[in-house]
Amino acid sequence: MMIDTQVKYLLKQPPERLFRIEMIEREYDLTEVPSVYLTCCRCNEQVLSIHAVEYGNQVYCLSCFQLMKSGNSYDRLQ
C-alpha cells in the first residue's frame with residue numbers, strides 16, 4: 001500500500017519536477033567502424049571478416065565451414 005501511494009504521487013507530478021532537462025555539449029563525435037566483408041568461396045555469400053573462417057588459403061562463412069567439418073556436405077576438406 002505504501003508503494004502504491006508513492007507511485008500515484010510520482011505519476012501526478014509534472015516531468016519538470018522529477019527531472020532536470022538541460023542542453024549539453026557533445027564532447028566528441030562518434031565515428032563509424034568500417035566493416036570489412038569477404039566472400040565465402042563455397043556459397044558466394046558476403047560475410048563479415050570477423051565471422052569468416054580462413055582455411056587452406058580459402059575463406060568460408062561459418063555455416064559452410066561447419067557443414068564441411070561435419071562431413072554432411074559433398075565438398076570435403078582436404
# chains A, B, ... in the order shown; residues from 1 in each chain; ligands from 1
$ residues_around --residues "stretch 26-36 of chain A" --least-positions-apart "4" --cutoff "12 Å" --atoms "only C-alpha atoms" --output "PyMOL selection string"
chain A and resi 46-52
$ write_last_selection --atoms "N, CA and C atoms" --output "mmCIF file, in the first residue's frame"
data_model
loop_
_atom_site.group_PDB
_atom_site.id
_atom_site.type_symbol
_atom_site.label_atom_id
_atom_site.label_comp_id
_atom_site.auth_asym_id
_atom_site.auth_seq_id
_atom_site.Cartn_x
_atom_site.Cartn_y
_atom_site.Cartn_z
ATOM 1 N N GLN A 46 28.310 -12.855 -48.866
ATOM 2 C CA GLN A 46 29.161 -11.905 -48.154
ATOM 3 C C GLN A 46 29.105 -12.214 -46.663
ATOM 4 N N VAL A 47 30.254 -12.173 -46.015
ATOM 5 C CA VAL A 47 30.340 -12.453 -44.581
ATOM 6 C C VAL A 47 31.293 -11.435 -43.956
ATOM 7 N N LEU A 48 30.938 -10.938 -42.776
ATOM 8 C CA LEU A 48 31.835 -10.027 -42.064
ATOM 9 C C LEU A 48 33.148 -10.730 -41.787
ATOM 10 N N SER A 49 34.245 -10.024 -41.913
ATOM 11 C CA SER A 49 35.555 -10.644 -41.741
ATOM 12 C C SER A 49 35.719 -11.269 -40.358
ATOM 13 N N ILE A 50 35.078 -10.689 -39.351
ATOM 14 C CA ILE A 50 35.217 -11.258 -38.003
ATOM 15 C C ILE A 50 34.434 -12.563 -37.849
ATOM 16 N N HIS A 51 33.535 -12.860 -38.792
ATOM 17 C CA HIS A 51 32.760 -14.101 -38.761
ATOM 18 C C HIS A 51 33.226 -15.104 -39.813
ATOM 19 N N ALA A 52 34.275 -14.767 -40.529
ATOM 20 C CA ALA A 52 34.769 -15.644 -41.587
ATOM 21 C C ALA A 52 35.825 -16.585 -41.027
#
$ atom_distance --atom1 "atom CA of A:Tyr9" --atom2 "atom CA of A:Glu22"
24.1 Å
$ select_by_dssp --residues "stretch 15-63 of chain A" --states "strand (DSSP E or B)" --output "MDAnalysis selection string"
chainID A and resid 37:39 46:48 53:55 58:60
$ atom_distance --atom1 "atom CA of A:Gly71" --atom2 "atom CA of A:Gln58"
17.8 Å
$ atom_distance --atom1 "atom CA of A:Lys69" --atom2 "atom CA of A:Tyr37"
22.6 Å
$ closest_residue --among "A:Leu10, A:Glu25, A:Arg20, A:Cys64" --to "A:Arg42" --atoms "only C-alpha atoms"
A:Cys64
